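Each remark here refers to the structure printed beneath this line.
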Amino acid sequence: MDQNRREVMGANENSSAKPRVRPIVRLGIFLISHSNIVSLVCFLAGVVALLLLPVLAKNTYISENALMPGSAYNMLSTHHVSDANKFIKDLTDLEFTSMASPIESQKLIAQYMSALDAEVTFHKFYPQFSQFHPLHFFTSPDSGIISKNGTCSSFGVNTIGIIRAPRGDGKEAIVLVTPYNRSKVGLGEAVSLGIAYSVFSLLSRVTWLAKDIIWLVADSQYGEYSAVAAWLREYQAPVFHKVDVVTSEACNESSTFNELGQGLYLDGKLNGDFRRAGTMAAALVIKVAEQGDRYEDSLNIYAEATNGQMPNLDLINIVNYMAVHKQGLRIEVKKMWSLLDSWWLNTFGVIFESLGKIARSLNPQWKFGIPASEYVEGAATLASSLYYQGLGVPTGPHGAFRDYQVDAITLEISPKVSLTKLYRRNEFILRGGRLIEGVIRSINNLLEKFHQSFFLYLLTSPGKFVSVGVYMIPFALLVAPLPIVAAYLHANASNSNPQNPSTLEVDGSHKSWEWLNSARKVLVIHLWGVVVSLLPFFLRQLPNTTLTMNFVLWGFLSILSLLILYLILGCPIAEASASQLEKNKWASLKSVTISTAFIGLSLMSVINFATAEIGALLIVPICLLARPLKLDIQARSWRTLLRASFNIALGFVVFPPVAFVLLKVAFEDFYGINVGDYWKWVESLWAWNSATYLYVGVVHLPCWALCIYILFHPC
């Protein structure tokens with residue numbers, strides 16, 4: 001009896017000593033052991049979730065109660081419109097005066113500003129040329145800016161007027177921007193100046209203003225963005241030390257710039273030094289198209305800034321509310337017109353509409369599904385928002401403000417008929433002026449910066465949006481298979497290595513470090529990606545080169561740098577005589593490659609979600625499917641041959657220049673293929689400090705190269 005009792009107690013002790021597996025560990029083991037099915041389900045679910053975003057979009061709403069849009073009556077009257085028309089007439093008459101110089105228009109604008117008792121000043125700047133520098137992506141917006149190519153004759157002049165708020169303390173300001181090419185005045189630019197002047201003249205007389213008003217007439221002869229960015233650099237980060245650039249002191253004191261303010265200096269209405277107001281609460285860029293193609297006046301809103309930055313959604317919401325409910329304007333945001341007629345998108349729209357009808361028949365409270373036409377338009381707008389945020393290039397001069405964390409948008413008003421008719425122009429200026437007045441009045445009510453609403457969102461229409469909590473779901477589903485498959489491959493590669501019983505102890509001690517060889521290969525390829533990203537800096541130094549020549553040289557030097565890295569680091573990337581153990585290491589290499597792709601996409605989603613989303617759609621399939629073609633061909637089954645075909649196709653499609661062409665065909669107007677177009681696109685990315693450039697060079701290209709190496713692995 002005692003012996004049996006001791007045996008039972010010993011069994012109980014052994015069972016209690018055995019660790020209990022936690023449910024989360026069991027789940028992880030289950031997912032890893034069924035990685036193929038989990039990967040397929042997650043990726044397809046991610047694509048479906050992405051297609052469902054237009055259905056899941058919510059109506060926009062104003063989060064900040066202090067804005068109170070439309071709560072006050074408009075004060076802008078026909079009197080202000082008459083003054084604006086007189087200003088437009090004087091401005092356009094200068095264009096037909098043979099003896100008038102380009103600076104006469106600047107003088108005229110300054111005179112009209114000073115007549116309103118505004119503080120007037122001129123800001124001289126030199127055109128900034130796109131200069132690629134390796135560290136430019138990691139510095140402040142004003143660093144690395146050079147204008148050594150400027151001369152005393154090649155400069156721009158911004159005209160700035162400032163109204164001090166009677167109820168303010170000078171600590172906050174609202175900025176109005178009107179781009180204006182002084183060398184060639186168009187009717188659209190003149191009318192935009194007239195709208196801004198009508199609002200400016202009104203605000204110079206009101207008593208409720210609590211924030212200073214800055215009217216920036218940006219000299220756009222060297223580009224709208226360049227003029228605004230130059231003024232912002234001086235406003236936010238003035239340079240107090242001497243730099244090796246052309247300055248006004250180096251030029252003749254009797255130059256054109258000094259002639260600008262001679263009359264105003266004598267009247268004491270021009271400030272010689274650079275004038276500032278308070279911290280910028282918001283900025284509005286006002287533009288007028290020559291003539292729209294609609295049956296009604298329309299308003300186009302441009303919001304994308306550098307690296308996918310967006311203004312606070314409340315700023316767009318108040319513009320949308322004031323334009324639609326107060327001024328009767330049609331609101332438009334950019335959309336991909338090529339998607340509106342696509343049969344597959346219309347098919348998805350019909351499917352989701354049918355599913356919505358079925359859901360409502362089961363339960364009337366289920367509000368799922370939208371009309372097919374609304375889905376197509378929402379998807380086209382969402383694709384445009386995703387594409388332009390992913391490019392990381394601003395869609396207007398408002399992008400310069402986001403570099404300094406100032407909420408700004410560009411408002412382009414398009415008339416339904418020509419503005420040459422005076423009565424039609426009066427109505428147009430009145431509606432545009434009252435729109436700007438209402439927006440400024442709402443911003444004037446703010447006691448702090450915009451913060452209540454969303455900064456991370458995608459628009460599906462002017463009145464609908466997808467928040468960050470919703471649009472991250474498709475991305476999470478797309479990249480979720482990567483760590484699961486990486487863990488499965490790592491465990492499988494460790495367990496499948498052939499072991500000799502005589503050397504089992506030695507191999508067992510080094511078994512956990514076998515992945516370092518694969519990690520070394522991956523590190524070399526990513527270092528090569530860094531080198532490829534830096535090569536344009538040196539190619540730009542070569543004189544008299546074309547876009548096609550630069551692209552060809554870039555490709556040649558990229559291949560050459562890969563060979564040099566192979567010789568220096570001795571990495572067996574292309575060894576034909578690799579050992580049998582090395583030939584079986586493709587799974588370990590794929591595991592490390594997938595891990596780096598997951599890390600790169602996750603980091604990119606923090607910097608620019610749209611780039612990470614598009615990158616995941618391209619790179620995740622080939623990372624999951626990559627397998628040596630030799631193994632698939634030797635298997636000679638329809639499944640392996642189909643996988644090999646998919647891998648070859650994906651290897652071609654995911655190559656960055658090919659992916660660029662396909663995206664251009666899908667999302668932009670396509671007029672033919674030019675080799676130099678890819679170089680031109682790359683130039684635009686680094687000129688705007690787009691993080692997409694770093695992603696393509698440091699993450700996407702190396703992962704593609706590693707997947708191609710896995711496909712042709714000598715196993």
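Scheme for the structure tokens: letters A, B, ... for chains in order shown; per-chain residue numbers from 1; ligand numbers from 1 in order shown.
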Could you list, as a PyMOL selection string, every residue within 10 Å of A:Met472, counting only C-alpha atoms and ignoring same-chain residues fewer than 6 positions away? chain A and resi 46+49-50+466+478+605+609-610+613
For A:Tyr235, find every residue with an atom within 10 Å (counting only C-alpha atoms), except residues of its own chain fewer than 5 positions away, and show them as a list in words. Ala229, Ala230, Phe274, Arg275, Arg276 and Ala277 of chain A
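The spacing separating atom CA of A:Leu547 from atom CA of A:Leu706 amounts to 27.9 Å.
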Filtered DSSP result for stretch 306-513 of chain A, state helix (DSSP H, G or I), as a ChimeraX atom specification: /A:306-308,313-326,337-340,343-362,372-391,399-402,422-444,468-479,481-495,501-513
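Excluding A:Leu339 itself and any same-chain residue fewer than 2 positions from it, the protein and nucleic acid residues within 10 Å of it, counting only C-alpha atoms, are Lys335, Met336, Trp337, Asp341, Ser342, Trp343, Trp344, Leu345, Asn346, Val376, Glu377, Ala379, Ala380, Thr381, Ala383, Ser384, Ala666 and Phe667 of chain A.
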Take the selection from the previous step and output its residues with C-alpha atoms, as a PDB file, in the first residue's frame.
ATOM      1  CA  LYS A 335      -9.897  61.303 -58.031  1.00  0.00           C
ATOM      2  CA  MET A 336      -8.447  58.726 -60.402  1.00  0.00           C
ATOM      3  CA  TRP A 337     -10.582  59.244 -63.490  1.00  0.00           C
ATOM      4  CA  ASP A 341     -14.860  53.333 -66.165  1.00  0.00           C
ATOM      5  CA  SER A 342     -13.082  50.179 -64.998  1.00  0.00           C
ATOM      6  CA  TRP A 343     -15.303  47.111 -65.301  1.00  0.00           C
ATOM      7  CA  TRP A 344     -13.814  45.316 -62.296  1.00  0.00           C
ATOM      8  CA  LEU A 345     -14.440  48.231 -59.938  1.00  0.00           C
ATOM      9  CA  ASN A 346     -18.021  48.548 -61.156  1.00  0.00           C
ATOM     10  CA  VAL A 376     -16.982  53.637 -57.701  1.00  0.00           C
ATOM     11  CA  GLU A 377     -16.578  57.367 -57.087  1.00  0.00           C
ATOM     12  CA  ALA A 379     -12.951  54.143 -54.599  1.00  0.00           C
ATOM     13  CA  ALA A 380     -11.541  56.477 -57.268  1.00  0.00           C
ATOM     14  CA  THR A 381     -11.188  59.286 -54.723  1.00  0.00           C
ATOM     15  CA  ALA A 383      -7.163  55.644 -54.712  1.00  0.00           C
ATOM     16  CA  SER A 384      -6.188  59.228 -55.530  1.00  0.00           C
ATOM     17  CA  ALA A 666      -3.217  52.751 -63.646  1.00  0.00           C
ATOM     18  CA  PHE A 667      -3.370  56.127 -61.907  1.00  0.00           C
TER      19      PHE A 667
END
Within 9 Å of A:Val620 using only C-alpha atoms, minus same-chain residues under 4 positions, as a ChimeraX atom specification: /A:43,478-479,481-482,594,597-598,615-616,624-625
Can you list, as a PyMOL selection string, every protein, DNA or RNA residue that comes within 10 Å of A:Leu419 when you count only C-alpha atoms, leaving out same-chain residues fewer than 2 positions away? chain A and resi 187-188+191+289-291+415-417+421-429
I'd like to know which of A:Asn363, A:Thr178, A:Ser561, A:Asn300 is closest to A:Ile286, using only C-alpha atoms. A:Thr178
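Residues in contact with A:Phe155 at up to 7 Å, not including ones fewer than 3 positions away on its chain and judged by only C-alpha atoms, are Lys124, Phe125, Tyr126, Pro127 and Cys152 of chain A.
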May I have the residues from that selection written out with N, CA, C and O atoms, as a PDB file, in the first residue's frame?
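And here's again09.pdb as it stands now:
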ATOM      1  N   LYS A 124      12.676  89.501 -50.578  1.00  0.00           N
ATOM      2  CA  LYS A 124      13.459  89.107 -51.744  1.00  0.00           C
ATOM      3  C   LYS A 124      14.025  87.707 -51.526  1.00  0.00           C
ATOM      4  O   LYS A 124      14.565  87.394 -50.471  1.00  0.00           O
ATOM      5  N   PHE A 125      13.884  86.846 -52.526  1.00  0.00           N
ATOM      6  CA  PHE A 125      14.420  85.489 -52.433  1.00  0.00           C
ATOM      7  C   PHE A 125      14.981  85.083 -53.790  1.00  0.00           C
ATOM      8  O   PHE A 125      14.649  85.667 -54.828  1.00  0.00           O
ATOM      9  N   TYR A 126      15.811  84.078 -53.749  1.00  0.00           N
ATOM     10  CA  TYR A 126      16.428  83.557 -54.962  1.00  0.00           C
ATOM     11  C   TYR A 126      15.887  82.167 -55.243  1.00  0.00           C
ATOM     12  O   TYR A 126      15.561  81.417 -54.326  1.00  0.00           O
ATOM     13  N   PRO A 127      15.763  81.804 -56.507  1.00  0.00           N
ATOM     14  CA  PRO A 127      15.193  80.491 -56.843  1.00  0.00           C
ATOM     15  C   PRO A 127      16.035  79.367 -56.272  1.00  0.00           C
ATOM     16  O   PRO A 127      17.271  79.392 -56.343  1.00  0.00           O
ATOM     17  N   CYS A 152      22.149  88.510 -59.340  1.00  0.00           N
ATOM     18  CA  CYS A 152      21.473  89.739 -58.930  1.00  0.00           C
ATOM     19  C   CYS A 152      20.219  89.999 -59.757  1.00  0.00           C
ATOM     20  O   CYS A 152      19.329  90.719 -59.324  1.00  0.00           O
TER      21      CYS A 152
END
In stretch 335-413 of chain A, what's strand (DSSP E) per DSSP? Answer as a CSV table (one decimal) with C-alpha atoms, in the first residue's frame?
chain,number,residue,atom,x,y,z
A,408,ALA,CA,-3.0,74.6,-44.7
A,409,ILE,CA,-4.9,73.7,-47.8
A,410,THR,CA,-5.2,75.0,-51.4
A,411,LEU,CA,-8.6,76.2,-52.6
A,412,GLU,CA,-9.0,76.4,-56.3
A,413,ILE,CA,-12.3,78.0,-57.4
Residue nearest A:Leu56 among A:Ser467, A:Ser645, A:Ser204, A:Thr692 (counting only C-alpha atoms): A:Ser467
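Using only C-alpha atoms, the smallest distance between any of A:Ser591, A:Tyr709, A:Ser533, A:Ser637 and A:Ile484 comes from A:Ser591.
Each of A:Val696, A:Ile162, A:Ile648, A:Leu386 was checked against A:Ser114 using only C-alpha atoms; the smallest atom-to-atom distance is that of A:Ile162.
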